[in-house]
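Enquirer: What follows is my_file.tsv; its format and atoms are TSV, C-alpha atoms.
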```tsv
chain	number	residue	atom	x	y	z
A	1	MET	CA	-48.09	-13.66	72.54
A	2	ARG	CA	-49.51	-10.96	74.84
A	3	SER	CA	-46.30	-8.88	74.72
A	4	LEU	CA	-46.29	-9.19	70.94
A	5	ARG	CA	-49.87	-7.86	70.76
A	6	ILE	CA	-48.85	-4.91	72.95
A	7	LEU	CA	-45.94	-4.07	70.64
A	8	LEU	CA	-48.16	-4.27	67.56
A	9	LEU	CA	-50.80	-2.17	69.30
A	10	GLY	CA	-48.20	0.56	69.74
A	11	LEU	CA	-47.24	0.27	66.07
A	12	ILE	CA	-50.74	0.69	64.65
A	13	LEU	CA	-51.58	3.58	66.97
A	14	LEU	CA	-48.34	5.35	66.06
A	15	ALA	CA	-48.75	4.65	62.35
A	16	GLY	CA	-52.35	5.83	62.43
A	17	ALA	CA	-51.31	9.04	64.18
A	18	VAL	CA	-48.63	10.03	61.70
A	19	SER	CA	-50.25	8.50	58.59
A	20	VAL	CA	-46.99	7.55	56.94
A	21	PHE	CA	-47.19	3.75	56.71
A	22	PRO	CA	-45.04	2.53	55.07
A	23	GLY	CA	-43.40	5.66	53.62
A	24	ALA	CA	-43.84	9.29	52.69
A	25	ALA	CA	-44.51	10.61	49.20
A	26	ILE	CA	-41.77	12.47	47.35
A	27	ALA	CA	-42.52	16.10	46.50
A	28	GLN	CA	-43.53	16.93	42.93
A	29	GLN	CA	-40.94	19.70	42.65
A	30	LEU	CA	-37.46	19.11	43.99
A	31	CYS	CA	-33.88	20.20	43.44
A	32	ALA	CA	-30.74	18.07	43.61
A	33	VAL	CA	-27.26	19.60	43.94
A	34	ASP	CA	-23.84	17.95	44.27
A	35	LEU	CA	-22.55	20.09	47.13
A	36	ASN	CA	-19.52	18.02	48.09
A	37	GLY	CA	-18.34	17.31	44.53
A	38	ASN	CA	-18.52	13.52	44.77
A	39	GLY	CA	-20.62	13.16	41.61
A	40	ASP	CA	-24.07	12.63	43.12
A	41	ALA	CA	-26.76	14.41	45.13
A	42	ALA	CA	-27.56	11.50	47.45
A	43	ASP	CA	-25.98	12.89	50.61
A	44	ASP	CA	-27.73	14.74	53.40
A	45	GLY	CA	-28.69	18.29	52.42
A	46	GLU	CA	-28.11	17.76	48.69
A	47	THR	CA	-31.78	17.14	47.78
A	48	ALA	CA	-34.74	19.22	48.89
A	49	SER	CA	-38.38	19.92	48.12
A	50	CYS	CA	-38.93	23.25	46.37
A	51	HIS	CA	-41.38	25.74	47.82
A	52	LEU	CA	-44.01	27.69	45.95
A	53	THR	CA	-43.52	31.38	45.18
A	54	GLY	CA	-46.17	34.06	45.18
A	55	ALA	CA	-46.00	34.24	41.39
A	56	GLY	CA	-46.83	30.55	41.08
A	57	GLY	CA	-43.28	29.39	40.41
A	58	TRP	CA	-40.92	27.26	42.48
A	59	MET	CA	-37.82	28.10	44.49
A	60	CYS	CA	-35.02	25.70	45.46
A	61	PRO	CA	-34.13	26.11	49.16
A	62	ILE	CA	-30.58	24.87	48.58
A	63	GLY	CA	-28.42	27.97	48.32
A	64	GLU	CA	-31.45	30.23	48.68
A	65	THR	CA	-30.29	33.80	49.27
A	66	PRO	CA	-32.16	37.01	50.25
A	67	CYS	CA	-32.41	39.54	47.44
A	68	GLU	CA	-31.07	43.08	47.85
A	69	ALA	CA	-32.48	46.43	46.79
A	70	ASP	CA	-30.43	48.45	44.29
A	71	GLN	CA	-30.17	52.24	44.26
A	72	GLY	CA	-33.47	52.53	42.47
A	73	GLY	CA	-35.23	50.26	44.97
A	74	ALA	CA	-35.52	47.26	42.62
A	75	MET	CA	-34.76	43.87	44.11
A	76	ARG	CA	-31.67	42.17	42.66
A	77	CYS	CA	-30.20	38.74	43.26
A	78	PRO	CA	-26.64	39.03	44.69
A	79	LEU	CA	-25.81	35.70	43.05
A	80	GLY	CA	-26.20	37.17	39.58
A	81	GLU	CA	-28.70	39.14	37.55
A	82	GLN	CA	-29.69	35.99	35.64
A	83	TYR	CA	-31.37	34.64	38.77
A	84	ALA	CA	-34.86	35.97	39.42
A	85	CYS	CA	-36.07	37.21	42.77
A	86	ALA	CA	-39.42	35.91	44.03
A	87	VAL	CA	-41.50	36.30	47.16
A	88	PRO	CA	-42.43	33.00	48.88
A	89	ALA	CA	-46.11	32.09	48.67
A	90	SER	CA	-46.17	32.11	52.46
A	91	GLY	CA	-44.96	35.71	52.45
A	92	GLY	CA	-41.74	37.39	53.48
A	93	ALA	CA	-38.78	38.96	51.75
A	94	PRO	CA	-37.91	38.00	48.15
A	95	THR	CA	-35.18	35.41	47.62
A	96	CYS	CA	-33.28	33.78	44.77
A	97	SER	CA	-31.33	30.59	44.15
A	98	VAL	CA	-28.81	29.41	41.57
A	99	ASN	CA	-30.29	25.91	41.68
A	100	ALA	CA	-33.23	25.02	39.46
A	101	CYS	CA	-36.24	22.97	40.49
A	102	ILE	CA	-37.14	19.74	38.72
A	103	ASP	CA	-40.72	18.76	37.95
A	104	THR	CA	-40.84	15.06	38.84
A	105	SER	CA	-44.10	14.54	36.95
A	106	ALA	CA	-42.34	15.54	33.71
A	107	ASN	CA	-38.97	14.07	34.75
A	108	PRO	CA	-39.76	11.03	36.90
A	109	ILE	CA	-37.24	9.51	39.26
A	110	VAL	CA	-35.63	6.45	37.68
A	111	GLU	CA	-35.47	3.49	40.07
A	112	GLU	CA	-33.06	0.60	39.61
A	113	PRO	CA	-34.87	-2.75	39.99
A	114	VAL	CA	-34.37	-4.38	43.36
A	115	VAL	CA	-32.22	-7.50	43.24
A	116	ASP	CA	-34.59	-10.46	43.50
A	117	ASP	CA	-32.37	-13.34	44.59
A	118	PRO	CA	-34.24	-16.08	46.50
A	119	GLY	CA	-31.02	-17.95	47.23
A	120	VAL	CA	-30.41	-21.65	46.76
A	121	ALA	CA	-33.21	-23.91	47.96
A	122	ALA	CA	-32.28	-26.05	50.95
A	123	ASP	CA	-33.50	-29.30	49.39
A	124	GLY	CA	-33.40	-30.06	45.66
A	125	ALA	CA	-34.34	-33.07	43.59
A	126	VAL	CA	-32.72	-36.42	44.43
A	127	ASP	CA	-32.55	-39.77	42.64
A	128	ALA	CA	-33.83	-43.13	43.92
A	129	ASP	CA	-30.66	-43.59	46.00
A	130	GLY	CA	-30.97	-40.17	47.62
A	131	ASN	CA	-28.19	-38.55	45.62
A	132	CYS	CA	-28.58	-34.84	44.85
A	133	LEU	CA	-29.39	-34.21	41.18
A	134	GLY	CA	-28.61	-30.51	41.28
A	135	THR	CA	-25.57	-28.43	42.13
A	136	ILE	CA	-24.45	-28.70	45.74
A	137	GLU	CA	-23.50	-25.37	47.33
A	138	ILE	CA	-22.05	-25.12	50.82
A	139	PHE	CA	-22.62	-21.89	52.76
A	140	SER	CA	-24.46	-20.29	49.85
A	141	GLY	CA	-25.75	-16.75	50.19
A	142	ARG	CA	-28.37	-14.41	48.81
A	143	ALA	CA	-27.83	-11.07	47.09
A	144	ALA	CA	-29.75	-8.21	48.69
A	145	ARG	CA	-29.53	-4.50	49.28
A	146	CYS	CA	-30.39	-1.90	51.88
A	147	ARG	CA	-30.53	1.86	51.42
A	148	PRO	CA	-28.79	4.50	53.54
A	149	ALA	CA	-30.31	7.94	54.05
A	150	GLY	CA	-31.47	9.48	50.77
A	151	LEU	CA	-34.45	10.86	48.89
A	152	SER	CA	-36.34	7.56	48.51
A	153	THR	CA	-35.99	6.74	52.21
A	154	THR	CA	-37.05	10.24	53.30
A	155	PHE	CA	-33.44	10.70	54.42
A	156	GLN	CA	-33.64	7.94	57.02
A	157	ASN	CA	-30.96	5.24	57.27
A	158	CYS	CA	-32.55	1.92	56.26
A	159	CYS	CA	-29.21	0.10	56.68
A	160	LYS	CA	-28.92	0.63	60.40
A	161	ASP	CA	-28.35	-2.36	62.66
A	162	LYS	CA	-30.37	-2.96	65.80
A	163	GLY	CA	-28.87	-5.89	67.62
A	164	LYS	CA	-28.99	-9.60	67.00
A	165	ILE	CA	-32.57	-10.28	65.90
A	166	VAL	CA	-32.25	-13.54	63.94
A	167	LYS	CA	-30.78	-16.31	66.08
A	168	ASP	CA	-27.70	-17.90	64.57
A	169	GLY	CA	-28.59	-21.33	65.88
A	170	MET	CA	-31.91	-21.45	64.01
A	171	GLY	CA	-32.17	-24.77	62.18
A	172	GLY	CA	-29.20	-26.79	61.01
A	173	SER	CA	-25.87	-25.30	60.05
A	174	ILE	CA	-26.62	-25.95	56.39
A	175	SER	CA	-30.17	-24.57	56.43
A	176	SER	CA	-30.93	-22.27	53.52
A	177	ILE	CA	-30.69	-18.51	53.68
A	178	THR	CA	-34.31	-18.57	52.48
A	179	THR	CA	-35.25	-19.76	55.97
A	180	LYS	CA	-33.74	-16.62	57.44
A	181	ILE	CA	-35.54	-14.47	54.88
A	182	ALA	CA	-38.81	-16.22	55.75
A	183	VAL	CA	-38.35	-15.03	59.33
A	184	ALA	CA	-37.99	-11.40	58.23
A	185	LYS	CA	-40.94	-11.71	55.87
A	186	GLY	CA	-43.03	-13.29	58.62
A	187	VAL	CA	-42.60	-10.27	60.87
A	188	PHE	CA	-43.18	-7.88	57.95
A	189	THR	CA	-46.37	-9.74	56.97
A	190	GLY	CA	-47.65	-9.71	60.52
A	191	MET	CA	-47.12	-6.00	60.94
A	192	LYS	CA	-48.83	-5.24	57.64
A	193	ALA	CA	-51.75	-7.47	58.68
A	194	ALA	CA	-52.12	-5.52	61.91
A	195	TYR	CA	-52.18	-2.13	60.22
A	196	THR	CA	-54.46	-3.31	57.38
A	197	ALA	CA	-56.98	-4.64	59.89
A	198	PHE	CA	-56.83	-1.39	61.83
A	199	LYS	CA	-57.46	0.75	58.73
A	200	ALA	CA	-60.34	-1.54	57.74
A	201	GLY	CA	-62.22	-0.74	60.93
A	202	ALA	CA	-60.95	-3.22	63.49
A	203	THR	CA	-60.17	-1.94	66.96
A	204	ALA	CA	-56.52	-1.47	67.80
A	205	SER	CA	-56.65	-4.53	70.05
A	206	GLN	CA	-58.25	-6.70	67.34
A	207	ALA	CA	-55.72	-5.47	64.78
A	208	ALA	CA	-52.82	-6.25	67.12
A	209	SER	CA	-54.17	-9.76	67.62
A	210	ALA	CA	-54.47	-10.25	63.85
A	211	GLY	CA	-50.89	-9.14	63.35
A	212	ALA	CA	-49.57	-11.26	66.20
A	213	ASN	CA	-51.36	-14.32	64.82
A	214	ALA	CA	-49.89	-13.68	61.36
A	215	ILE	CA	-46.39	-13.49	62.82
A	216	ILE	CA	-46.75	-16.61	64.94
A	217	VAL	CA	-48.22	-18.62	62.04
A	218	GLY	CA	-45.40	-17.53	59.71
A	219	ILE	CA	-42.40	-18.22	61.94
A	220	ASP	CA	-41.15	-20.16	64.92
A	221	PRO	CA	-41.03	-17.62	67.80
A	222	THR	CA	-37.98	-19.36	69.26
A	223	SER	CA	-35.97	-18.52	66.14
A	224	ILE	CA	-36.15	-14.74	66.44
A	225	ALA	CA	-36.02	-12.05	69.09
A	226	ILE	CA	-39.56	-10.89	68.32
A	227	SER	CA	-39.52	-7.83	70.59
A	228	LEU	CA	-36.36	-6.56	68.92
A	229	ALA	CA	-37.75	-7.38	65.49
A	230	VAL	CA	-41.01	-5.51	66.01
A	231	ASN	CA	-39.28	-2.45	67.48
A	232	PHE	CA	-36.80	-2.52	64.60
A	233	MET	CA	-39.57	-2.67	62.01
A	234	ILE	CA	-41.59	0.07	63.67
A	235	ASP	CA	-38.59	2.33	63.14
A	236	LEU	CA	-38.07	1.29	59.54
A	237	LEU	CA	-41.71	1.18	58.41
A	238	LEU	CA	-42.25	4.74	59.58
A	239	GLN	CA	-39.15	5.90	57.71
A	240	GLY	CA	-39.97	4.81	54.16
A	241	CYS	CA	-37.92	1.59	54.22
A	242	ASP	CA	-39.14	-1.40	52.20
A	243	GLN	CA	-39.18	-5.13	52.88
A	244	GLN	CA	-35.69	-5.86	51.57
A	245	ASP	CA	-34.26	-3.00	53.66
A	246	MET	CA	-35.75	-4.75	56.67
A	247	GLU	CA	-34.54	-8.20	55.67
A	248	VAL	CA	-30.96	-6.98	55.25
A	249	GLY	CA	-31.17	-4.91	58.44
A	250	MET	CA	-32.21	-7.93	60.49
A	251	LEU	CA	-29.62	-10.29	58.98
A	252	ARG	CA	-26.86	-7.68	58.89
A	253	GLY	CA	-27.39	-6.81	62.55
A	254	SER	CA	-27.18	-10.52	63.32
A	255	GLY	CA	-23.73	-10.75	61.68
A	256	MET	CA	-24.83	-12.76	58.63
A	257	CYS	CA	-24.15	-10.27	55.79
A	258	HIS	CA	-21.03	-9.21	53.90
A	259	GLU	CA	-21.26	-5.67	52.51
A	260	ILE	CA	-19.81	-5.30	49.01
A	261	GLY	CA	-20.20	-1.61	48.26
A	262	SER	CA	-22.66	1.07	47.23
A	263	TYR	CA	-24.32	2.01	43.96
A	264	CYS	CA	-26.94	4.48	42.72
A	265	SER	CA	-30.45	3.07	43.07
A	266	SER	CA	-32.47	6.20	42.18
A	267	SER	CA	-31.67	9.12	39.89
A	268	ILE	CA	-33.36	12.07	38.22
A	269	LEU	CA	-32.07	13.67	35.03
A	270	GLY	CA	-28.95	11.55	35.43
A	271	VAL	CA	-28.22	12.82	38.95
A	272	CYS	CA	-28.12	10.19	41.69
A	273	VAL	CA	-30.48	11.00	44.57
A	274	GLN	CA	-30.46	7.65	46.41
A	275	LYS	CA	-27.71	5.12	47.00
A	276	ALA	CA	-27.99	1.47	48.00
A	277	ARG	CA	-25.53	-0.95	49.59
A	278	GLY	CA	-25.19	-4.39	48.06
A	279	HIS	CA	-24.71	-7.41	50.34
A	280	CYS	CA	-24.31	-11.15	50.33
A	281	CYS	CA	-26.30	-12.52	53.26
A	282	PHE	CA	-25.70	-16.05	54.53
A	283	ASN	CA	-27.54	-18.65	56.58
A	284	THR	CA	-25.29	-18.27	59.63
A	285	LYS	CA	-22.62	-15.96	60.97
A	286	LEU	CA	-20.12	-18.80	60.60
A	287	GLY	CA	-21.09	-19.14	56.93
A	288	ARG	CA	-20.33	-15.46	56.38
A	289	ILE	CA	-16.96	-15.71	58.13
A	290	ILE	CA	-15.89	-18.82	56.17
A	291	GLN	CA	-16.99	-17.21	52.89
A	292	GLU	CA	-14.99	-14.06	53.65
A	293	GLN	CA	-11.83	-15.97	54.53
A	294	GLY	CA	-12.25	-18.91	52.18
A	295	ARG	CA	-12.82	-17.10	48.88
A	296	PRO	CA	-9.30	-15.57	48.74
A	297	GLN	CA	-7.89	-19.13	48.85
A	298	LEU	CA	-9.73	-20.25	45.71
A	299	LYS	CA	-8.83	-19.34	42.12
A	300	ALA	CA	-12.48	-19.66	41.08
A	301	PHE	CA	-13.23	-16.42	42.95
A	302	SER	CA	-10.07	-14.52	42.04
A	303	ALA	CA	-11.53	-12.87	38.94
A	304	ILE	CA	-15.08	-12.07	40.03
A	305	GLY	CA	-14.62	-11.87	43.80
A	306	TRP	CA	-17.87	-10.73	45.37
A	307	GLY	CA	-19.21	-9.35	42.09
A	308	THR	CA	-20.40	-5.75	42.20
A	309	ALA	CA	-22.50	-3.84	44.69
A	310	LYS	CA	-25.33	-3.79	42.17
A	311	GLN	CA	-24.94	-7.48	41.25
A	312	PRO	CA	-23.42	-9.37	44.20
A	313	TYR	CA	-21.93	-12.81	43.55
A	314	CYS	CA	-23.08	-14.91	46.48
A	315	ARG	CA	-22.79	-18.53	45.42
A	316	GLY	CA	-21.69	-21.17	47.87
A	317	PHE	CA	-18.67	-23.45	47.71
A	318	SER	CA	-18.79	-26.66	45.70
A	319	PRO	CA	-17.86	-29.80	47.68
A	320	GLN	CA	-14.46	-29.85	45.93
A	321	GLU	CA	-13.82	-26.19	46.76
A	322	PHE	CA	-14.85	-26.69	50.36
A	323	GLN	CA	-12.46	-29.64	50.75
A	324	ALA	CA	-9.65	-27.50	49.34
A	325	LEU	CA	-10.04	-24.80	52.02
A	326	ASP	CA	-7.24	-24.53	54.57
A	327	PHE	CA	-9.04	-23.79	57.83
A	328	SER	CA	-5.72	-23.40	59.66
A	329	LYS	CA	-5.31	-20.11	57.79
A	330	MET	CA	-8.70	-18.79	58.88
A	331	ASP	CA	-9.28	-16.56	61.88
A	332	LEU	CA	-12.50	-17.79	63.46
A	333	SER	CA	-12.03	-15.88	66.72
A	334	GLU	CA	-15.14	-13.77	66.01
A	335	TYR	CA	-17.27	-16.91	65.97
A	336	TYR	CA	-15.51	-18.55	68.93
A	337	ALA	CA	-15.99	-15.43	71.04
A	338	GLU	CA	-19.72	-15.51	70.36
A	339	ILE	CA	-19.99	-19.19	71.28
A	340	GLU	CA	-18.13	-18.54	74.53
A	341	ALA	CA	-20.30	-15.53	75.38
A	342	ARG	CA	-23.43	-17.51	74.58
A	343	ALA	CA	-22.26	-20.42	76.76
A	344	GLN	CA	-21.56	-18.07	79.68
A	345	SER	CA	-24.99	-16.50	79.28
A	346	ASP	CA	-26.67	-19.92	79.23
A	347	ILE	CA	-24.82	-20.89	82.42
A	348	GLN	CA	-25.91	-17.69	84.16
A	349	ILE	CA	-29.53	-18.26	83.15
A	350	GLU	CA	-29.41	-21.86	84.37
A	351	MET	CA	-27.89	-20.79	87.70
A	352	LYS	CA	-30.55	-18.10	88.16
A	353	ASP	CA	-33.33	-20.59	87.41
A	354	LYS	CA	-31.94	-23.02	89.99
A	355	ILE	CA	-31.60	-20.30	92.64
A	356	ASP	CA	-35.13	-19.05	91.97
A	357	ALA	CA	-36.49	-22.58	92.23
A	358	HIS	CA	-34.61	-23.13	95.50
A	359	MET	CA	-35.87	-19.85	96.99
A	360	GLN	CA	-39.42	-20.71	95.96
A	361	THR	CA	-39.15	-24.08	97.70
A	362	ILE	CA	-37.90	-22.43	100.88
A	363	SER	CA	-40.62	-19.78	100.85
A	364	ASN	CA	-43.29	-22.46	100.50
```
Translate this structure into structure tokens?

Expert:
Amino acid sequence: MRSLRILLLGLILLAGAVSVFPGAAIAQQLCAVDLNGNGDAADDGETASCHLTGAGGWMCPIGETPCEADQGGAMRCPLGEQYACAVPASGGAPTCSVNACIDTSANPIVEEPVVDDPGVAADGAVDADGNCLGTIEIFSGRAARCRPAGLSTTFQNCCKDKGKIVKDGMGGSISSITTKIAVAKGVFTGMKAAYTAFKAGATASQAASAGANAIIVGIDPTSIAISLAVNFMIDLLLQGCDQQDMEVGMLRGSGMCHEIGSYCSSSILGVCVQKARGHCCFNTKLGRIIQEQGRPQLKAFSAIGWGTAKQPYCRGFSPQEFQALDFSKMDLSEYYAEIEARAQSDIQIEMKDKIDAHMQTISN
């Protein structure tokens, strides 16, 4: 608990210093240019904030070029006479650009709605004999997205992995993906509680305690590497990433997500300025592996597959489908290797504990 308070204390002090929690505002005037010819302006360097000119206009910094004096001393744009030269409001030599600025107040950025898929509940209604009344799904998943570097994320990668944060052994093997999401939300809620308390006048220490308490109340600390989670979310919160970015980042880094592809999540005047990556995230790493290798064996998935990046198809197997799977055709070496590594680590920890206890007995 004390180490968690220290981590949260660092978060609120850092966030208070830079004043960007949870994200930065997008400039009112911007320009978006497809420099690499791939049909969007979502890649690094293809979107920029325009700067004010001395005449009260705006200049796009992408492709900005110094103007040149003609024989009569008049300033001309070397890119073409149709492009006007203007002196920056901050001073300096006049420049011009072939790329126009877009007023986002008149042409707002269009955001695709975030996929809101809670996943299948772990326990549904049952009859008097205990039989399930709903549809049984085995290794069901949840559709979610994270966003790589782009305009909406202030050009920070919200899809980056940062180690195994959510423990694969949390709960039973058939526990719902919603349990995993609750873990991510618990950390997110705790960190927001810390910063909210700090901004409301609490001392940094009091705010850290409030955030730590919110995290501990919301989750079982043994189910998550809290230090990794807090460090991970410090990075993402200060980069304009939202809650679902964090959820996917935690689960993806823990090996529980299958990436389907990318799609445009934000656009302006029909030009894409932010992409997103659609995923199916599962309750365990084993669930993800079996889904990836089991679906190709079943005709029910042959037409739709994983769905689309924008609308992932993450349903679990029915009992009949699960019984039809041929596990002899599956390569589970990724999962076996992790079990073996975990077992070796547990043995090493146990040996160290016994040696430490023995040395302590001798020293006493």

Enquirer: Between A:Cys31, A:Ala300, A:Leu269, A:Ala337, which has the minimum distance to Ser318 of chain A (counting all atoms listed in the file)?

Expert: A:Ala300

Enquirer: Show me, as an MDAnalysis selection string, the residues that have an atom within 10 Å of Met59 of chain A when counting only C-alpha atoms, minus same-chain residues fewer than 2 positions from it.

Expert: chainID A and resid 29:31 49:53 56:57 61:62 64 84:88 95:101

Enquirer: Please save C-alpha atoms of the selected residues as a CSV table (one decimal), in the coordinates of the input.

Expert:
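selection-v9.csv written:
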```
chain,number,residue,atom,x,y,z
A,29,GLN,CA,-40.9,19.7,42.6
A,30,LEU,CA,-37.5,19.1,44.0
A,31,CYS,CA,-33.9,20.2,43.4
A,49,SER,CA,-38.4,19.9,48.1
A,50,CYS,CA,-38.9,23.2,46.4
A,51,HIS,CA,-41.4,25.7,47.8
A,52,LEU,CA,-44.0,27.7,46.0
A,53,THR,CA,-43.5,31.4,45.2
A,56,GLY,CA,-46.8,30.6,41.1
A,57,GLY,CA,-43.3,29.4,40.4
A,61,PRO,CA,-34.1,26.1,49.2
A,62,ILE,CA,-30.6,24.9,48.6
A,64,GLU,CA,-31.4,30.2,48.7
A,84,ALA,CA,-34.9,36.0,39.4
A,85,CYS,CA,-36.1,37.2,42.8
A,86,ALA,CA,-39.4,35.9,44.0
A,87,VAL,CA,-41.5,36.3,47.2
A,88,PRO,CA,-42.4,33.0,48.9
A,95,THR,CA,-35.2,35.4,47.6
A,96,CYS,CA,-33.3,33.8,44.8
A,97,SER,CA,-31.3,30.6,44.2
A,98,VAL,CA,-28.8,29.4,41.6
A,99,ASN,CA,-30.3,25.9,41.7
A,100,ALA,CA,-33.2,25.0,39.5
A,101,CYS,CA,-36.2,23.0,40.5
```

Enquirer: Kindly provide the residues of segment 285-313 of chain A that approach segment 128-150 of chain A to within 10 Å, each paired with its closest atom pair and their distance in Å to one decimal, based on all atoms listed in the file, listed by chain and increasing number, as JSON lines.

Expert:
```
{"residue": "A:Leu286", "atom": "CA", "partner": "A:Phe139", "partner_atom": "CA", "distance": 8.8}
{"residue": "A:Gly287", "atom": "CA", "partner": "A:Phe139", "partner_atom": "CA", "distance": 5.2}
{"residue": "A:Arg288", "atom": "CA", "partner": "A:Phe139", "partner_atom": "CA", "distance": 7.7}
{"residue": "A:Ile289", "atom": "CA", "partner": "A:Phe139", "partner_atom": "CA", "distance": 10.0}
{"residue": "A:Ile290", "atom": "CA", "partner": "A:Phe139", "partner_atom": "CA", "distance": 8.1}
{"residue": "A:Gln291", "atom": "CA", "partner": "A:Phe139", "partner_atom": "CA", "distance": 7.3}
{"residue": "A:Ala309", "atom": "CA", "partner": "A:Arg145", "partner_atom": "CA", "distance": 8.4}
{"residue": "A:Lys310", "atom": "CA", "partner": "A:Arg145", "partner_atom": "CA", "distance": 8.3}
{"residue": "A:Gln311", "atom": "CA", "partner": "A:Ala143", "partner_atom": "CA", "distance": 7.4}
{"residue": "A:Pro312", "atom": "CA", "partner": "A:Ala143", "partner_atom": "CA", "distance": 5.5}
{"residue": "A:Tyr313", "atom": "CA", "partner": "A:Ala143", "partner_atom": "CA", "distance": 7.1}
```

Enquirer: Just the number, please: distance in Å from atom CA of Thr153 of chain A to atom CA of Ala41 of chain A, one decimal.

Expert: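 Computing it gives 13.9 Å between the two atoms.
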
Enquirer: Rounded to one decimal in Å, what is the spacing between atom CA of Ala55 of chain A and atom CA of Ala89 of chain A?

Expert: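 These two atoms are separated by 7.6 Å.
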
Enquirer: Near Asn38 of chain A, within 12 Å and counting all atoms listed in the file, which residues show up once chain neighbours fewer than 5 positions away are dropped, as a ChimeraX atom specification?

Expert: /A:33,43,46,271-272

Enquirer: As an exercise, work out the distance from atom CA of Gly261 of chain A to atom CA of Phe282 of chain A in Å and give it to one decimal place.

Expert: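 Separation between atom CA of Gly261 of chain A and atom CA of Phe282 of chain A: 16.7 Å.
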